[in-house]
Amino acid sequence: MSQDIAVAPRIHISLEHQRLTLIGRDGGVEIEYPVSTGLNGPGERDGSGCTPRGEHFIRALIGADQPLRTVFRGRRPTGEIYSPELAQQHPGRDWILSRILWLCGRESGKNRGPGVDTFRRFIYIHGTPDTEPMGVPLSHGCVRMRNDDVVDLFGRVQAGIAVFID
């Protein structure tokens, strides 16, 4: 008699398809979301503006119980709520909104350690203005999501969950 083996939930981010997939304990797809990754493509180097590949995990979840479209600077809420009027006051600002899932690399020399460290590069999964397109690489290296989607994902995961980016 075989036993079902529970698999830890995990996240897969496809750079090619610009999709984030949450895979449940049963190994099946729990939910998928469109995303926007690095405009400069894949890459691990500090200062590259690229989205790092490989094995990661969520090191920290930031923003629980904050209102939708809360603005973050330095991983702290600013007290602002994003609006088109606020955007006009701060043109060119890279908006980090609603929730932050801070990633940490697992692969020494690839996405962890000097010159390539995902955590020290401040690579997040985070909300972005809903006017920004999804399915198109436009970020500065992070994984951008719609605000409702990042809040939904945030409620489904916990720190330590595996994240694979390819």
# chains A, B, ... in the order shown; residues from 1 in each chain; ligands from 1
$ residues_around --residues "Trp95 in chain A" --least-positions-apart "6" --cutoff "9 Å" --atoms "only C-alpha atoms" --output "list in words"
Val71, Phe72, Arg73, Tyr82, Ala87, Gly127, Thr128 and Pro129 of chain A
$ residues_around --residues "Tyr33 in chain A" --least-positions-apart "4" --cutoff "9 Å" --atoms "only C-alpha atoms" --output "list in words"
Gln18, Arg19, Leu20, Thr21, Leu22, Met145, Arg146, Asp149, Val150 and Leu153 of chain A
$ write_last_selection --atoms "all heavy atoms" --output "short mmCIF file (atom, residue, chain, number, x, y, z; two decimals), in the first residue's frame"
data_model
loop_
_atom_site.label_atom_id
_atom_site.label_comp_id
_atom_site.auth_asym_id
_atom_site.auth_seq_id
_atom_site.Cartn_x
_atom_site.Cartn_y
_atom_site.Cartn_z
N GLN A 18 6.46 35.07 -17.51
CA GLN A 18 6.05 36.15 -16.60
C GLN A 18 4.87 35.70 -15.75
O GLN A 18 3.84 36.37 -15.66
CB GLN A 18 5.73 37.44 -17.39
CG GLN A 18 6.93 38.03 -18.12
CD GLN A 18 7.98 38.57 -17.17
OE1 GLN A 18 7.76 39.53 -16.46
NE2 GLN A 18 9.15 37.92 -17.14
N ARG A 19 5.03 34.53 -15.11
CA ARG A 19 3.99 33.94 -14.27
C ARG A 19 4.61 33.47 -12.96
O ARG A 19 5.72 32.95 -12.93
CB ARG A 19 3.35 32.71 -14.93
CG ARG A 19 2.72 32.92 -16.28
CD ARG A 19 1.45 33.66 -16.27
NE ARG A 19 0.38 32.96 -15.59
CZ ARG A 19 -0.80 33.51 -15.34
NH1 ARG A 19 -1.06 34.74 -15.71
NH2 ARG A 19 -1.74 32.85 -14.73
N LEU A 20 3.87 33.66 -11.87
CA LEU A 20 4.22 33.11 -10.57
C LEU A 20 3.19 32.04 -10.26
O LEU A 20 1.98 32.30 -10.33
CB LEU A 20 4.20 34.20 -9.51
CG LEU A 20 4.61 33.79 -8.09
CD1 LEU A 20 5.21 35.00 -7.36
CD2 LEU A 20 3.47 33.22 -7.28
N THR A 21 3.66 30.85 -9.95
CA THR A 21 2.79 29.72 -9.65
C THR A 21 3.03 29.27 -8.22
O THR A 21 4.18 28.99 -7.85
CB THR A 21 3.05 28.55 -10.62
OG1 THR A 21 2.91 29.01 -11.96
CG2 THR A 21 2.10 27.39 -10.36
N LEU A 22 1.98 29.20 -7.43
CA LEU A 22 2.06 28.62 -6.10
C LEU A 22 1.67 27.16 -6.22
O LEU A 22 0.56 26.84 -6.67
CB LEU A 22 1.13 29.36 -5.13
CG LEU A 22 1.10 28.81 -3.69
CD1 LEU A 22 2.48 28.86 -3.04
CD2 LEU A 22 0.07 29.58 -2.87
N MET A 145 3.85 42.48 -8.74
CA MET A 145 2.53 41.86 -8.85
C MET A 145 1.45 42.92 -8.69
O MET A 145 1.69 43.98 -8.11
CB MET A 145 2.33 40.81 -7.75
CG MET A 145 3.26 39.62 -7.83
SD MET A 145 2.94 38.41 -6.52
CE MET A 145 1.39 37.69 -7.10
N ARG A 146 0.25 42.62 -9.15
CA ARG A 146 -0.92 43.44 -8.86
C ARG A 146 -1.12 43.45 -7.35
O ARG A 146 -0.82 42.47 -6.66
CB ARG A 146 -2.16 42.88 -9.52
CG ARG A 146 -2.11 42.87 -11.02
CD ARG A 146 -2.90 44.05 -11.56
NE ARG A 146 -2.78 44.11 -13.00
CZ ARG A 146 -1.96 44.94 -13.64
NH1 ARG A 146 -1.20 45.79 -12.97
NH2 ARG A 146 -1.90 44.95 -14.95
N ASP A 149 -3.30 40.70 -5.95
CA ASP A 149 -2.62 39.41 -6.08
C ASP A 149 -1.54 39.22 -5.03
O ASP A 149 -1.42 38.14 -4.44
CB ASP A 149 -2.01 39.26 -7.47
CG ASP A 149 -3.03 39.09 -8.58
OD1 ASP A 149 -4.23 38.88 -8.27
OD2 ASP A 149 -2.64 39.16 -9.76
N VAL A 150 -0.72 40.26 -4.77
CA VAL A 150 0.35 40.11 -3.78
C VAL A 150 -0.22 39.95 -2.38
O VAL A 150 0.31 39.19 -1.56
CB VAL A 150 1.41 41.23 -3.87
CG1 VAL A 150 0.93 42.53 -3.24
CG2 VAL A 150 2.72 40.78 -3.26
N LEU A 153 -1.37 36.28 -2.30
CA LEU A 153 -0.22 35.39 -2.15
C LEU A 153 0.34 35.47 -0.74
O LEU A 153 0.65 34.43 -0.13
CB LEU A 153 0.86 35.77 -3.17
CG LEU A 153 2.16 34.97 -3.08
CD1 LEU A 153 1.92 33.50 -3.40
CD2 LEU A 153 3.22 35.57 -4.01
#
$ select_by_dssp --residues "range 32-165 of chain A" --states "strand (DSSP E)" --output "JSON, numbers by chain"
{"A": [32, 33, 34, 54, 55, 56, 57, 58, 59, 60, 61, 62, 70, 71, 72, 73, 76, 77, 78, 79, 80, 81, 97, 98, 99, 100, 101, 102, 103, 104, 105, 124, 125, 126, 127, 143, 144, 145, 162, 163, 164, 165]}
$ residues_around --residues "Arg99 in chain A" --least-positions-apart "6" --cutoff "8 Å" --atoms "only C-alpha atoms" --output "compact mmCIF listing (two decimals) with N, CA, C and O atoms, in the first residue's frame"
# COMPACT_ATOMS: atom_id res chain seq x y z
N LEU A 61 8.41 38.33 5.46
CA LEU A 61 7.12 38.82 4.96
C LEU A 61 6.86 40.15 5.65
O LEU A 61 6.83 40.20 6.88
N ILE A 62 6.67 41.20 4.87
CA ILE A 62 6.55 42.55 5.42
C ILE A 62 5.25 43.19 4.95
O ILE A 62 4.94 43.15 3.76
N GLY A 63 4.52 43.78 5.90
CA GLY A 63 3.33 44.54 5.54
C GLY A 63 2.01 43.92 5.96
O GLY A 63 0.96 44.42 5.56
N ALA A 64 2.05 42.87 6.75
CA ALA A 64 0.80 42.25 7.21
C ALA A 64 -0.09 43.32 7.83
O ALA A 64 0.37 44.19 8.57
N GLN A 66 -1.35 45.92 6.66
CA GLN A 66 -1.29 47.27 6.10
C GLN A 66 -2.40 47.41 5.06
O GLN A 66 -2.79 46.43 4.41
N THR A 70 -0.48 50.49 0.34
CA THR A 70 0.47 51.14 1.25
C THR A 70 1.80 51.30 0.54
O THR A 70 2.28 50.37 -0.13
N HIS A 126 6.65 42.04 -4.75
CA HIS A 126 5.93 43.15 -4.14
C HIS A 126 4.85 43.69 -5.06
O HIS A 126 4.85 43.43 -6.26
N GLY A 127 3.95 44.46 -4.47
CA GLY A 127 2.90 45.12 -5.24
C GLY A 127 3.45 46.32 -5.99
O GLY A 127 4.48 46.90 -5.61
N ASN A 147 -1.64 44.53 -6.81
CA ASN A 147 -1.79 44.65 -5.36
C ASN A 147 -2.71 43.59 -4.77
O ASN A 147 -2.37 42.97 -3.76
N VAL A 150 -0.72 40.26 -4.77
CA VAL A 150 0.35 40.11 -3.78
C VAL A 150 -0.22 39.95 -2.38
O VAL A 150 0.31 39.19 -1.56
N VAL A 151 -1.34 40.61 -2.09
CA VAL A 151 -2.00 40.44 -0.78
C VAL A 151 -2.53 39.00 -0.67
O VAL A 151 -2.39 38.36 0.38
N PHE A 154 0.49 36.66 -0.21
CA PHE A 154 1.02 36.89 1.14
C PHE A 154 0.25 36.07 2.18
O PHE A 154 0.83 35.50 3.09
$ select_by_dssp --residues "chain A" --states "helix (DSSP H, G or I)" --output "list in words"
Pro84, Glu85, Leu86, Ala87, Gln88, Gln89, Asn147, Asp148, Asp149, Val150, Val151, Asp152, Leu153, Phe154, Gly155 and Arg156 of chain A
$ write_last_selection --atoms "C-alpha atoms" --output "PDB file, in the first residue's frame"
ATOM      1  CA  PRO A  84      -2.387  58.782  -9.276  1.00  0.00           C
ATOM      2  CA  GLU A  85      -2.003  62.162  -7.540  1.00  0.00           C
ATOM      3  CA  LEU A  86       0.837  60.840  -5.372  1.00  0.00           C
ATOM      4  CA  ALA A  87       2.478  59.356  -8.471  1.00  0.00           C
ATOM      5  CA  GLN A  88       2.390  62.783 -10.152  1.00  0.00           C
ATOM      6  CA  GLN A  89       4.183  64.271  -7.149  1.00  0.00           C
ATOM      7  CA  ASN A 147      -1.794  44.654  -5.359  1.00  0.00           C
ATOM      8  CA  ASP A 148      -4.762  42.315  -4.867  1.00  0.00           C
ATOM      9  CA  ASP A 149      -2.616  39.407  -6.083  1.00  0.00           C
ATOM     10  CA  VAL A 150       0.354  40.105  -3.784  1.00  0.00           C
ATOM     11  CA  VAL A 151      -1.997  40.435  -0.784  1.00  0.00           C
ATOM     12  CA  ASP A 152      -3.612  37.114  -1.747  1.00  0.00           C
ATOM     13  CA  LEU A 153      -0.221  35.395  -2.153  1.00  0.00           C
ATOM     14  CA  PHE A 154       1.020  36.890   1.139  1.00  0.00           C
ATOM     15  CA  GLY A 155      -1.909  35.259   2.943  1.00  0.00           C
ATOM     16  CA  ARG A 156      -1.121  31.842   1.449  1.00  0.00           C
TER      17      ARG A 156
END
$ residues_around --residues "range 104-111 of chain A" --least-positions-apart "3" --cutoff "10 Å" --atoms "only C-alpha atoms" --output "ChimeraX atom specification"
/A:43-46,52-60,101,114-124,160,162-164
$ write_last_selection --atoms "C-alpha atoms" --output "PDB file, in the first residue's frame"
ATOM      1  CA  GLY A  43      20.971  37.847 -13.940  1.00  0.00           C
ATOM      2  CA  GLU A  44      22.475  37.754 -10.495  1.00  0.00           C
ATOM      3  CA  ARG A  45      25.110  40.510 -10.379  1.00  0.00           C
ATOM      4  CA  ASP A  46      24.772  43.419  -7.938  1.00  0.00           C
ATOM      5  CA  PRO A  52      18.130  36.505 -10.104  1.00  0.00           C
ATOM      6  CA  ARG A  53      17.606  32.872 -11.096  1.00  0.00           C
ATOM      7  CA  GLY A  54      17.791  29.654  -9.161  1.00  0.00           C
ATOM      8  CA  GLU A  55      16.751  28.438  -5.740  1.00  0.00           C
ATOM      9  CA  HIS A  56      15.609  30.993  -3.185  1.00  0.00           C
ATOM     10  CA  PHE A  57      13.357  31.193  -0.155  1.00  0.00           C
ATOM     11  CA  ILE A  58      11.200  33.880   1.397  1.00  0.00           C
ATOM     12  CA  ARG A  59      13.318  35.326   4.199  1.00  0.00           C
ATOM     13  CA  ALA A  60      10.760  37.850   5.469  1.00  0.00           C
ATOM     14  CA  LEU A 101       8.083  39.080   0.282  1.00  0.00           C
ATOM     15  CA  PRO A 114      29.590  38.508  -2.550  1.00  0.00           C
ATOM     16  CA  GLY A 115      28.553  40.220  -5.772  1.00  0.00           C
ATOM     17  CA  VAL A 116      25.441  38.092  -6.358  1.00  0.00           C
ATOM     18  CA  ASP A 117      23.465  38.064  -3.108  1.00  0.00           C
ATOM     19  CA  THR A 118      19.707  38.218  -3.738  1.00  0.00           C
ATOM     20  CA  PHE A 119      18.957  39.264  -0.146  1.00  0.00           C
ATOM     21  CA  ARG A 120      21.556  42.061  -0.129  1.00  0.00           C
ATOM     22  CA  ARG A 121      20.289  43.207  -3.551  1.00  0.00           C
ATOM     23  CA  PHE A 122      16.874  43.743  -1.898  1.00  0.00           C
ATOM     24  CA  ILE A 123      15.043  41.511  -4.374  1.00  0.00           C
ATOM     25  CA  TYR A 124      11.371  41.261  -3.425  1.00  0.00           C
ATOM     26  CA  GLY A 160      10.897  29.851   4.584  1.00  0.00           C
ATOM     27  CA  ALA A 162      11.000  27.718  -1.378  1.00  0.00           C
ATOM     28  CA  VAL A 163      11.015  29.952  -4.470  1.00  0.00           C
ATOM     29  CA  PHE A 164      12.504  28.808  -7.779  1.00  0.00           C
TER      30      PHE A 164
END
$ closest_residue --among "A:Gly113, A:Pro67, A:Gly135, A:Gly141" --to "His17 in chain A" --atoms "only C-alpha atoms"
A:Gly135
